[in-house]
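So this block is structure20.txt, compact mmCIF, C-alpha atoms:
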# COMPACT_ATOMS: atom_id res chain seq x y z
CA MET V 1 7.27 14.35 23.14
CA ARG V 2 8.91 11.50 21.22
CA LEU V 3 10.57 12.53 17.94
CA TYR V 4 11.26 10.03 15.17
CA ASN V 5 14.20 10.93 12.94
CA THR V 6 13.04 10.30 9.38
CA ILE V 7 14.40 10.39 5.84
CA LEU V 8 12.34 10.52 2.67
CA ILE V 9 13.81 8.74 -0.36
CA GLY V 10 12.21 9.70 -3.65
CA ALA V 11 10.64 13.08 -4.40
CA GLY V 12 8.21 12.14 -7.17
CA LYS V 13 4.44 12.59 -7.23
CA ILE V 14 3.85 10.43 -4.15
CA GLY V 15 6.93 11.56 -2.25
CA LEU V 16 6.83 15.27 -2.99
CA GLY V 17 3.28 15.70 -4.25
CA ASN V 18 1.65 17.35 -7.25
CA ASP V 19 -1.82 18.56 -8.22
CA VAL V 20 -3.26 15.10 -7.52
CA TYR V 21 -1.01 13.89 -4.70
CA LYS V 22 -1.26 16.92 -2.46
CA LYS V 23 -1.72 17.44 1.23
CA TYR V 24 -2.07 14.16 3.12
CA ARG V 25 -1.60 12.06 -0.02
CA SER V 26 2.05 13.08 -0.35
CA HIS V 27 4.73 11.82 2.01
CA LEU V 28 6.61 15.12 2.25
CA TYR V 29 3.56 17.12 3.29
CA THR V 30 2.49 14.49 5.83
CA LEU V 31 5.94 14.08 7.37
CA ALA V 32 6.62 17.82 7.47
CA LYS V 33 3.34 18.55 9.28
CA ASP V 34 3.63 15.85 11.94
CA ARG V 35 4.92 17.08 15.31
CA ASN V 36 6.40 13.67 16.18
CA ILE V 37 8.47 13.52 13.01
CA ASN V 38 11.89 15.09 12.68
CA LEU V 39 12.42 15.01 8.93
CA VAL V 40 16.19 14.91 8.70
CA ALA V 41 16.78 14.60 4.97
CA VAL V 42 15.26 14.19 1.52
CA ILE V 43 17.16 11.94 -0.91
CA ASP V 44 16.69 11.92 -4.68
CA ASN V 45 19.04 11.47 -7.64
CA ASP V 46 17.49 14.49 -9.40
CA LYS V 47 19.61 17.49 -8.33
CA LYS V 48 17.30 20.03 -9.99
CA LYS V 49 14.32 18.70 -8.08
CA LEU V 50 16.18 18.85 -4.77
CA LYS V 51 17.25 22.41 -5.46
CA LYS V 52 13.62 23.36 -6.02
CA ILE V 53 12.52 21.72 -2.75
CA SER V 54 15.39 23.32 -0.80
CA LYS V 55 13.92 26.76 -1.47
CA LYS V 56 10.83 25.82 0.55
CA TYR V 57 12.11 23.37 3.18
CA ASP V 58 15.06 23.50 5.56
CA TYR V 59 16.34 19.90 5.48
CA TYR V 60 19.47 18.11 4.38
CA PHE V 61 19.30 17.12 0.72
CA PHE V 62 21.31 14.20 -0.63
CA ASN V 63 21.66 12.43 -3.96
CA LYS V 64 22.80 9.14 -2.42
CA ILE V 65 21.56 7.09 0.53
CA GLU V 66 25.08 6.55 1.82
CA ASP V 67 25.40 10.35 2.27
CA ALA V 68 22.92 10.06 5.18
CA ARG V 69 24.82 7.29 7.01
CA HIS V 70 26.16 9.66 9.68
CA HIS V 71 22.66 10.72 10.73
CA GLU V 72 20.60 8.91 13.35
CA VAL V 73 17.53 7.61 11.52
CA ASP V 74 14.52 5.79 12.97
CA LEU V 75 12.32 5.69 9.86
CA ALA V 76 13.01 5.62 6.12
CA VAL V 77 10.10 6.29 3.76
CA ILE V 78 10.77 5.01 0.23
CA SER V 79 8.71 6.38 -2.66
CA THR V 80 11.02 5.69 -5.59
CA PRO V 81 9.87 3.92 -8.80
CA THR V 82 8.82 0.29 -8.27
CA LYS V 83 11.76 -1.20 -10.22
CA THR V 84 14.21 0.49 -7.80
CA HIS V 85 12.65 -0.76 -4.54
CA TYR V 86 14.96 -3.74 -4.05
CA LYS V 87 18.14 -1.74 -4.64
CA VAL V 88 17.04 1.19 -2.48
CA ILE V 89 15.92 -1.00 0.44
CA MET V 90 19.15 -2.99 0.35
CA GLU V 91 21.19 0.23 0.36
CA CYS V 92 19.21 1.47 3.36
CA LEU V 93 19.75 -1.78 5.27
CA LYS V 94 23.47 -1.80 4.52
CA ASN V 95 24.22 1.91 5.09
CA LEU V 96 21.80 3.10 7.78
CA LYS V 97 20.92 2.11 11.35
CA LEU V 98 17.14 1.99 11.08
CA LYS V 99 14.16 0.72 13.03
CA ILE V 100 11.44 0.85 10.37
CA ILE V 101 11.24 1.12 6.57
CA LEU V 102 8.01 2.05 4.82
CA VAL V 103 8.12 1.34 1.09
CA GLU V 104 5.50 2.00 -1.55
CA LYS V 105 3.63 -1.00 -2.92
CA PRO V 106 4.38 -3.57 -4.25
CA LEU V 107 7.88 -3.96 -2.75
CA GLY V 108 9.36 -4.19 -6.24
CA GLY V 109 6.84 -6.80 -7.36
CA ASP V 110 9.41 -9.63 -7.26
CA LEU V 111 8.80 -12.51 -4.84
CA LYS V 112 12.41 -13.75 -4.75
CA LYS V 113 13.82 -10.30 -3.99
CA ALA V 114 11.13 -9.66 -1.38
CA LYS V 115 12.30 -12.77 0.49
CA LEU V 116 15.92 -11.56 0.33
CA ILE V 117 14.82 -8.22 1.77
CA LYS V 118 12.94 -10.01 4.55
CA ASN V 119 15.97 -12.11 5.52
CA LEU V 120 18.38 -9.16 5.66
CA ALA V 121 15.86 -6.98 7.53
CA LYS V 122 15.44 -9.74 10.13
CA LYS V 123 19.22 -9.89 10.66
CA LYS V 124 19.36 -6.11 10.98
CA LYS V 125 16.27 -6.09 13.27
CA VAL V 126 14.48 -3.67 10.96
CA LYS V 127 10.70 -3.79 10.44
CA ILE V 128 9.55 -3.52 6.82
CA PHE V 129 6.06 -2.23 6.02
CA VAL V 130 4.58 -1.91 2.53
CA ASN V 131 2.25 0.99 1.81
CA TYR V 132 -0.94 -0.87 0.93
CA MET V 133 -2.69 2.08 2.50
CA ARG V 134 -6.24 0.67 2.56
CA LEU V 135 -5.24 -1.48 5.54
CA SER V 136 -4.73 1.68 7.59
CA LEU V 137 -8.18 3.11 6.85
CA PRO V 138 -10.59 2.76 9.82
CA VAL V 139 -13.36 1.80 7.38
CA THR V 140 -11.41 -1.30 6.31
CA SER V 141 -11.50 -2.68 9.84
CA LEU V 142 -15.23 -1.96 9.89
CA LEU V 143 -15.69 -3.92 6.65
CA LYS V 144 -13.72 -6.86 8.10
CA ASP V 145 -16.12 -6.98 11.05
CA ILE V 146 -19.18 -6.76 8.77
CA LEU V 147 -17.90 -9.57 6.54
CA LYS V 148 -16.88 -11.89 9.38
CA LYS V 149 -18.42 -15.38 9.12
CA LYS V 150 -20.44 -14.39 6.04
CA ASN V 151 -20.41 -16.23 2.72
CA ILE V 152 -19.31 -13.71 0.12
CA ILE V 153 -19.31 -13.56 -3.66
CA GLY V 154 -17.25 -10.67 -4.98
CA ASN V 155 -15.99 -8.92 -8.09
CA VAL V 156 -12.95 -6.72 -8.55
CA LEU V 157 -12.25 -4.59 -11.61
CA TYR V 158 -8.80 -3.04 -11.97
CA SER V 159 -6.80 -1.31 -14.68
CA ASN V 160 -3.20 -0.35 -15.41
CA GLY V 161 -1.55 -3.66 -14.46
CA LEU V 162 -1.90 -6.46 -11.94
CA ILE V 163 1.30 -5.57 -10.06
CA ASN V 164 0.81 -1.82 -10.27
CA ASN V 165 -2.87 -1.69 -9.40
CA GLY V 166 -4.51 -5.11 -9.02
CA SER V 167 -2.10 -6.14 -6.25
CA GLN V 168 -3.71 -3.72 -3.81
CA PHE V 169 -7.01 -5.63 -4.07
CA ILE V 170 -5.33 -9.02 -3.69
CA ASN V 171 -3.75 -7.63 -0.53
CA LEU V 172 -7.09 -6.19 0.65
CA CYS V 173 -8.90 -9.50 0.09
CA ILE V 174 -6.26 -11.41 2.05
CA TYR V 175 -6.78 -8.97 4.94
CA LEU V 176 -10.58 -9.28 4.76
CA PHE V 177 -10.91 -13.04 4.20
CA GLY V 178 -7.69 -14.70 5.32
CA LYS V 179 -5.91 -17.62 3.68
CA ILE V 180 -6.32 -18.28 -0.05
CA HIS V 181 -7.18 -21.94 -0.64
CA ARG V 182 -7.17 -21.97 -4.43
CA ILE V 183 -6.52 -19.74 -7.45
CA LYS V 184 -8.26 -20.27 -10.76
CA ILE V 185 -6.60 -18.35 -13.58
CA ILE V 186 -8.90 -17.52 -16.50
CA ARG V 187 -6.66 -15.52 -18.81
CA LYS V 188 -3.75 -13.14 -18.83
CA LYS V 189 -2.26 -10.49 -21.06
CA ILE V 190 1.38 -9.40 -20.90
CA LEU V 191 1.77 -5.62 -20.78
CA ASN V 192 5.56 -5.26 -20.56
CA LYS V 193 8.62 -6.90 -18.95
CA PHE V 194 7.39 -5.87 -15.53
CA ASP V 195 3.60 -6.16 -15.50
CA LEU V 196 0.59 -8.00 -16.89
CA ASN V 197 -3.19 -8.06 -16.70
CA SER V 198 -5.06 -11.17 -15.63
CA SER V 199 -8.57 -12.40 -14.92
CA PHE V 200 -8.71 -14.96 -12.11
CA ILE V 201 -10.70 -16.15 -9.10
CA LEU V 202 -9.44 -16.27 -5.51
CA PHE V 203 -11.09 -18.89 -3.31
CA PHE V 204 -11.17 -18.31 0.45
CA ARG V 205 -12.96 -20.34 3.11
CA THR V 206 -15.92 -17.93 3.16
CA ALA V 207 -15.45 -15.95 -0.05
CA GLN V 208 -15.03 -16.30 -3.79
CA ILE V 209 -13.63 -13.17 -5.47
CA LYS V 210 -13.34 -12.81 -9.24
CA PHE V 211 -10.81 -10.33 -10.66
CA ASN V 212 -11.18 -8.78 -14.11
CA PHE V 213 -9.09 -6.15 -15.81
CA GLU V 214 -10.01 -3.18 -17.95
CA ASN V 215 -7.87 -2.45 -21.01
CA SER V 216 -7.15 1.13 -20.06
CA LYS V 217 -4.15 3.11 -18.86
CA LYS V 218 -6.48 5.16 -16.69
CA ASN V 219 -6.42 4.28 -13.00
CA TYR V 220 -9.91 2.88 -12.44
CA HIS V 221 -11.03 0.18 -10.05
CA TYR V 222 -13.85 -1.08 -7.86
CA ILE V 223 -14.67 -3.96 -5.55
CA LYS V 224 -18.16 -5.33 -5.04
CA LEU V 225 -18.99 -7.85 -2.31
CA ILE V 226 -22.37 -9.56 -2.06
CA SER V 227 -23.85 -11.65 0.76
CA LYS V 228 -27.35 -12.88 1.56
CA ASN V 229 -28.53 -9.72 3.32
CA PHE V 230 -26.19 -6.97 2.13
CA SER V 231 -23.85 -5.73 -0.58
CA ILE V 232 -20.78 -3.49 -0.49
CA TYR V 233 -19.62 -1.39 -3.42
CA TRP V 234 -16.33 0.54 -3.25
CA GLU V 235 -15.47 2.50 -6.39
CA LYS V 236 -12.06 4.12 -6.55
CA SER V 237 -11.94 7.07 -4.11
CA LYS V 238 -15.70 7.46 -3.70
CA LYS V 239 -17.71 6.71 -0.57
CA ILE V 240 -18.48 3.05 0.05
CA GLU V 241 -22.08 2.05 -0.59
CA LEU V 242 -23.35 -0.44 1.97
CA THR V 243 -26.80 -1.77 1.07
CA ARG V 244 -28.63 -3.79 3.72
CA LYS V 245 -31.89 -5.68 3.69
CA LEU V 246 -33.94 -4.28 6.58
CA SER V 247 -37.55 -5.34 7.18
CA LYS V 248 -37.86 -6.65 3.64
CA LYS V 249 -36.62 -3.29 2.28
CA LEU V 250 -33.22 -2.29 0.94
CA LYS V 251 -31.49 0.64 2.59
CA THR V 252 -28.19 2.13 1.39
CA PHE V 253 -25.65 3.75 3.70
CA LYS V 254 -22.64 5.84 2.63
CA LEU V 255 -19.37 5.10 4.42
CA GLU V 256 -16.49 7.60 4.45
CA THR V 257 -13.17 6.12 3.34
CA GLN V 258 -10.75 8.94 4.32
CA LEU V 259 -8.65 8.02 1.28
CA ASP V 260 -7.82 11.71 0.87
CA LYS V 261 -5.81 11.43 4.11
CA TYR V 262 -4.33 7.99 3.66
CA GLN V 263 -0.67 8.96 4.17
CA TYR V 264 -1.64 10.65 7.44
CA LEU V 265 -3.39 7.44 8.57
CA VAL V 266 -0.44 5.29 7.52
CA LEU V 267 1.93 7.53 9.49
CA LYS V 268 -0.39 7.37 12.50
CA ASN V 269 -0.11 3.57 12.43
CA LEU V 270 3.66 3.74 11.97
CA LYS V 271 3.90 5.73 15.19
CA LEU V 272 1.73 3.14 16.95
CA SER V 273 4.19 0.49 15.76
CA PHE V 274 7.10 2.44 17.26
CA GLN V 275 5.19 2.49 20.55
CA ASN V 276 4.46 -1.27 20.39
CA ARG V 277 0.74 -0.56 20.31
CA LYS V 278 -1.90 -2.14 18.09
CA PHE V 279 -1.59 -0.93 14.48
CA ARG V 280 -2.87 -1.71 10.97
CA LEU V 281 -0.12 -1.87 8.34
CA CYS V 282 0.93 -4.34 5.68
CA SER V 283 3.91 -6.31 6.98
CA ILE V 284 6.50 -7.76 4.63
CA ASP V 285 5.02 -11.22 5.32
CA ASP V 286 1.57 -10.06 4.18
CA CYS V 287 3.11 -8.44 1.10
CA ILE V 288 4.86 -11.72 0.29
CA LYS V 289 1.47 -13.50 0.40
CA THR V 290 0.30 -11.02 -2.24
CA LEU V 291 3.40 -11.60 -4.35
CA VAL V 292 2.88 -15.38 -4.15
CA VAL V 293 -0.47 -14.93 -5.93
CA ILE V 294 1.14 -12.74 -8.59
CA LYS V 295 3.96 -15.27 -9.08
CA LYS V 296 1.47 -18.10 -9.65
CA ILE V 297 -0.32 -16.04 -12.27
CA GLN V 298 2.95 -15.09 -13.95
CA ASN V 299 4.06 -18.73 -14.12
CA GLN V 300 0.90 -19.96 -15.83
CA LYS V 301 1.66 -20.99 -19.41
Would you mind writing the file out in structure tokens?
Amino acid sequence: MRLYNTILIGAGKIGLGNDVYKKYRSHLYTLAKDRNINLVAVIDNDKKKLKKISKKYDYYFFNKIEDARHHEVDLAVISTPTKTHYKVIMECLKNLKLKIILVEKPLGGDLKKAKLIKNLAKKKKVKIFVNYMRLSLPVTSLLKDILKKKNIIGNVLYSNGLINNGSQFINLCIYLFGKIHRIKIIRKKILNKFDLNSSFILFFRTAQIKFNFENSKKNYHYIKLISKNFSIYWEKSKKIELTRKLSKKLKTFKLETQLDKYQYLVLKNLKLSFQNRKFRLCSIDDCIKTLVVIKKIQNQK
């Protein structure tokens, strides 16, 4: 049985888990339960947090990435705050001999830094994947097949920032519809130094998707896609509603998303990548395409 030596960097709500991010939605739980994963170490700059984890798990615990440089590591999973992604990834590439890095979306949210990461990773022969987890859901591949060669009009509603939340739907639309031919920016609202909200339209060859934002700090979102004979409605973590026109009647089907096990599905695809088999993950190139859209919106005066 192949074992992949792994380190987890960042023990927050996604890394360690809490009442919301529990079981297969936390990295630690998912990595610890997988028989192909040898979780070598957990790294976090919060000593109190590491002390608490050490009472339950028998791993190495470090406050700095460089402290793990003497360990053989195949995979680094990064779940630190977004603003630290660039620094943490660069430290991993400089201090560790790795094969794959999985980092939480949106790779720091900075296009220029993402390109610097890509260049160094290429020199080091390290694959970088960004955890836009919807790409790893089996239902997403099903939707791509359903939408193929169809003319689509769509709407996306997101909250809590374009980079923080809206970016995942830009990334999803690029996966579903391919190359963006044009972006029409309607309005934008600056939230802070890091993020903003924006309403805009993405034009693809076979689809036109309008994004709107909700002025709320609550994490709420949906995507609705409409074609001649069917519609798809995907609201947050609920089942997807697929409505088809059959014999002049409308019939609605419920599709399971498996979002409650998304970290498990991401890890499953990471292992397929190690084995050079077909997998569904967001590459750094695909993440850069997402960041290009965000950059264009940010640059609008």
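If you measure from each of V:Arg280, V:Lys289, V:Lys125, V:Lys224 to Ile100 in chain V using only C-alpha atoms, the closest one turns out to be V:Lys125.
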message: Quick one: residues within 6 Å of range 8-12 of chain V, only C-alpha atoms, excluding same-chain residues fewer than 5 positions away - as a VMD selection string?
response: chain V and resid 42 to 44 77 to 80
Would you write out those residues with C-alpha atoms, as a short mmCIF file (atom, residue, chain, number, x, y, z; two decimals), keeping the file's coordinate frame?
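The resulting again_26.cif:
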data_model
loop_
_atom_site.label_atom_id
_atom_site.label_comp_id
_atom_site.auth_asym_id
_atom_site.auth_seq_id
_atom_site.Cartn_x
_atom_site.Cartn_y
_atom_site.Cartn_z
CA VAL V 42 15.26 14.19 1.52
CA ILE V 43 17.16 11.94 -0.91
CA ASP V 44 16.69 11.92 -4.68
CA VAL V 77 10.10 6.29 3.76
CA ILE V 78 10.77 5.01 0.23
CA SER V 79 8.71 6.38 -2.66
CA THR V 80 11.02 5.69 -5.59
#
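Using all atoms listed in the file, the nearest neighbour of Ile53 in chain V within the list V:Ile240, V:Gly109, V:Tyr29, V:Lys179 is V:Tyr29.
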message: Neighbouring residues of range 189-200 of chain V were defined as those with any atom within 10 Å, considering all atoms listed in the file; residues of the same chain fewer than 3 positions away were excluded. Please report them as number ranges by chain.
response: V: 82-83, 108-110, 156-166, 183-186, 203, 209-215, 294, 297-298
Can you write just those residues out, C-alpha atoms, as a short mmCIF file (atom, residue, chain, number, x, y, z; two decimals), keeping the file's coordinate frame?
data_model
loop_
_atom_site.label_atom_id
_atom_site.label_comp_id
_atom_site.auth_asym_id
_atom_site.auth_seq_id
_atom_site.Cartn_x
_atom_site.Cartn_y
_atom_site.Cartn_z
CA THR V 82 8.82 0.29 -8.27
CA LYS V 83 11.76 -1.20 -10.22
CA GLY V 108 9.36 -4.19 -6.24
CA GLY V 109 6.84 -6.80 -7.36
CA ASP V 110 9.41 -9.63 -7.26
CA VAL V 156 -12.95 -6.72 -8.55
CA LEU V 157 -12.25 -4.59 -11.61
CA TYR V 158 -8.80 -3.04 -11.97
CA SER V 159 -6.80 -1.31 -14.68
CA ASN V 160 -3.20 -0.35 -15.41
CA GLY V 161 -1.55 -3.66 -14.46
CA LEU V 162 -1.90 -6.46 -11.94
CA ILE V 163 1.30 -5.57 -10.06
CA ASN V 164 0.81 -1.82 -10.27
CA ASN V 165 -2.87 -1.69 -9.40
CA GLY V 166 -4.51 -5.11 -9.02
CA ILE V 183 -6.52 -19.74 -7.45
CA LYS V 184 -8.26 -20.27 -10.76
CA ILE V 185 -6.60 -18.35 -13.58
CA ILE V 186 -8.90 -17.52 -16.50
CA PHE V 203 -11.09 -18.89 -3.31
CA ILE V 209 -13.63 -13.17 -5.47
CA LYS V 210 -13.34 -12.81 -9.24
CA PHE V 211 -10.81 -10.33 -10.66
CA ASN V 212 -11.18 -8.78 -14.11
CA PHE V 213 -9.09 -6.15 -15.81
CA GLU V 214 -10.01 -3.18 -17.95
CA ASN V 215 -7.87 -2.45 -21.01
CA ILE V 294 1.14 -12.74 -8.59
CA ILE V 297 -0.32 -16.04 -12.27
CA GLN V 298 2.95 -15.09 -13.95
#
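Compared by their closest atoms to Cys92 in chain V, and using only C-alpha atoms, the residues V:Pro106, V:Tyr4, V:Gln300, V:Lys124 rank with V:Lys124 nearest.
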message: One number please: CA of Leu96 in chain V to CA of Gln168 in chain V, in Å, one decimal.
response: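 Straight-line distance from CA of Leu96 in chain V to CA of Gln168 in chain V works out to 28.8 Å.
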message: Just the number, please: distance in Å from CA of Asn36 in chain V to CA of Tyr59 in chain V, one decimal.
response: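 Between CA of Asn36 in chain V and CA of Tyr59 in chain V the gap is 15.9 Å.
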query: Which protein, DNA or RNA residues are at most 8 Å from (18.3, 17.6, 8.9) in the file's coordinates when you count only C-alpha atoms, listed as a VMD selection string?
result: chain V and resid 38 to 41 58 to 60
